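Report on the structure given below.
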Amino acid sequence: MQNQNSSPIALSEQIADQLPQHIAIIMDGNGRWAKAQGKPRVFGHKNGVTAVRKAISTSARLGIKAVTLFAFSSENWRRPEEEVGLLMELFISVLSTEVKKLHKNNLRLRIIGDKSRFSERLQQKIEHAEKLTETNTGMVINIAANYGGKWDILEATKSIARKVANGELDADALTEELMTDHLTMADLPEVDLMIRTSGECRISNFMLWQMAYAELYFTPEFWPDFNEESLIEAVTWFVNRERRFGCTGEQIKTLMESQ
Ligand code: FPP
């Protein structure tokens with residue numbers, strides 16, 4: 001969050017009321033972005049971190065309640081060993097350098113996914129980051145890592161099945177709300193807006209349950225190029241789509257520039 005404007009964006013009540021509460025982002029295109037410049041894929045991931053900072057800072061300034069970023073899917077282990085190793089190193093380094101800044105800005109950081117496959121060192125960094133920021137009251141940042149929507153639903157189902165088996169729950173009394181309560185991010189509003197960069201139009205096993213009613217926004221921009229303006233464009237699209245009337249990108253941009 002360093003060197004970035006962290007002052008809130010004063011939106012009119014009408015616009016503020018229509019903003020998405022929870023934005024989920026599939027950060028795609030790091031590899032292609034790097035390749036286009038004749039650089040190794042990891043160069044794209046490193047520049048992706050800069051885009052992560054911008055997305056977090058802009059979302060917080062807009063007053064978004066939660067942002068969930070897909071950093072590493074359950075399927076990403078299939079990538080070359082070297083790239084996986086470098087990504088893990090990058091996660092450790094980002095956690096080491098960014099957590100204090102997030103904490104200073106009253107933001108809460110959580111890592112969502114099966115953490116058991118990560119190295120001891122990464123698990124410790126995650127634990128430290130989550131503990132440090134757990135009582136913060138600002139925006140919640142979820143980093144989905146070794147996460148899959150099917151995994152999430154399966155874990156919830158197992159937990160419910162265990163309760164049914166030991167008589168704690170009646171199978172006929174199961175409801176959607178109860179299922180939601182057993183999923184990750186149960187305490188957050190469902191996703192309103194899902195953004196995927198790089199032109200791919202897939203959900204790729206992201207938050208399958210939580211995105212049931214999300215508006216899906218696909219942009220051809222590669223993730224490292226996704227900046228403040230790109231996010232505002234996506235949010236503006238959402239506001240207009242959702243309510244059929246509403247603000248223009250210009251309105252929000254003007255408000256931001258006046259800060
Ligand atoms: C997708 O691009 C990107 C990833 C799988 C990794 C995302 C990681 C970061 C943005 C950096 C670290 C983030 C955090 C939150 C610490 P791709 O490699 O699939 O690109 P391609 O489709 O062009 O090959």
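As shown in the structure tokens, the chain order sets the letters A, B, ...; within each chain, residues go from 1, and ligands are also counted from 1 in the order they appear.
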All residues within 10 Å of ligand 1 are required, counting only C-alpha atoms and all ligand atoms; please report them as JSON, numbers by chain.
{"A": [26, 27, 28, 29, 30, 31, 32, 33, 34, 35, 36, 41, 42, 43, 44, 45, 46, 47, 48, 49, 50, 51, 52, 53, 56, 68, 69, 70, 71, 72, 73, 75, 76, 77, 79, 83, 84, 87, 88, 89, 90, 91, 92, 93, 94, 95, 98, 111, 141, 142, 143, 144, 145, 197, 198, 199, 200, 222, 223, 224]}
All residues 7 Å or closer to segment 207-216 of chain A, only C-alpha atoms, same chain fewer than 4 positions away omitted, as an MDAnalysis selection string:
chainID A and resid 149 190:195
So that I can see what lies close to Ala129 of chain A, please list as a VMD selection string the residues with an atom at most 9 Å from it, counting only C-alpha atoms and leaving out residues fewer than 3 positions away in the same chain.
chain A and resid 95 to 96 99 to 100 103 108 to 110 124 to 126 132 to 134
Those residues you just picked out, can you put them in a file as a tab-separated table (two decimals), in the first residue's frame with C-alpha atoms?
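The new file part.tsv reads:
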chain	number	residue	atom	x	y	z
A	95	LEU	CA	3.53	-11.70	2.98
A	96	SER	CA	6.77	-10.54	4.61
A	99	VAL	CA	1.40	-7.41	5.93
A	100	LYS	CA	2.51	-4.53	8.12
A	103	HIS	CA	-2.34	-3.82	9.15
A	108	ARG	CA	-7.81	-7.82	7.32
A	109	LEU	CA	-5.92	-10.50	5.42
A	110	ARG	CA	-7.00	-14.11	5.17
A	124	GLN	CA	3.90	-19.74	9.53
A	125	LYS	CA	3.86	-16.51	7.51
A	126	ILE	CA	0.17	-17.04	6.77
A	132	LEU	CA	-1.89	-9.75	13.13
A	133	THR	CA	-4.83	-8.45	11.11
A	134	GLU	CA	-7.72	-10.49	12.52
Which residue out of A:Ala55, A:Val140, A:Ile232, A:Cys201 has the minimum interatomic distance to Phe218 of chain A when only C-alpha atoms are used?
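For Phe218 of chain A, the nearest of the given residues is A:Cys201.
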Quick one: DSSP helix (DSSP H, G or I) residues in segment 3-242 of chain A, as number ranges by chain?
A: 13-16, 30-36, 41-62, 74-78, 81-104, 115-117, 120-133, 149-165, 171-173, 176-181, 223-225, 228-242
Can you measure atom CA of Gly249 of chain A to atom CA of Val67 of chain A for me? One decimal in Å is fine.
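Atom CA of Val67 of chain A lies at a distance of 20.2 Å from atom CA of Gly249 of chain A.
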Taking 6 positions as the minimum chain separation for residues in the same chain, which residues sit within 9 Å of segment 175-181 of chain A when counting only C-alpha atoms? Answer as an mmCIF file with C-alpha atoms, in the first residue's frame.
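selection_24.cif, written as the output of this step:
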data_model
loop_
_atom_site.group_PDB
_atom_site.id
_atom_site.type_symbol
_atom_site.label_atom_id
_atom_site.label_comp_id
_atom_site.auth_asym_id
_atom_site.auth_seq_id
_atom_site.Cartn_x
_atom_site.Cartn_y
_atom_site.Cartn_z
ATOM 1 C CA ILE A 153 -18.059 -27.430 -1.349
ATOM 2 C CA ALA A 156 -18.442 -28.245 3.714
ATOM 3 C CA THR A 157 -20.288 -31.399 2.683
ATOM 4 C CA ILE A 160 -22.189 -31.524 7.400
ATOM 5 C CA ASP A 187 -19.074 -14.436 7.232
ATOM 6 C CA TRP A 209 -21.232 -21.499 -4.591
ATOM 7 C CA GLN A 210 -20.456 -17.927 -3.584
#
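Checking A:Gln21, A:Thr219, A:Ser74, A:Thr236 one by one against Gly113 of chain A, counting only C-alpha atoms, you find the shortest gap at A:Ser74.
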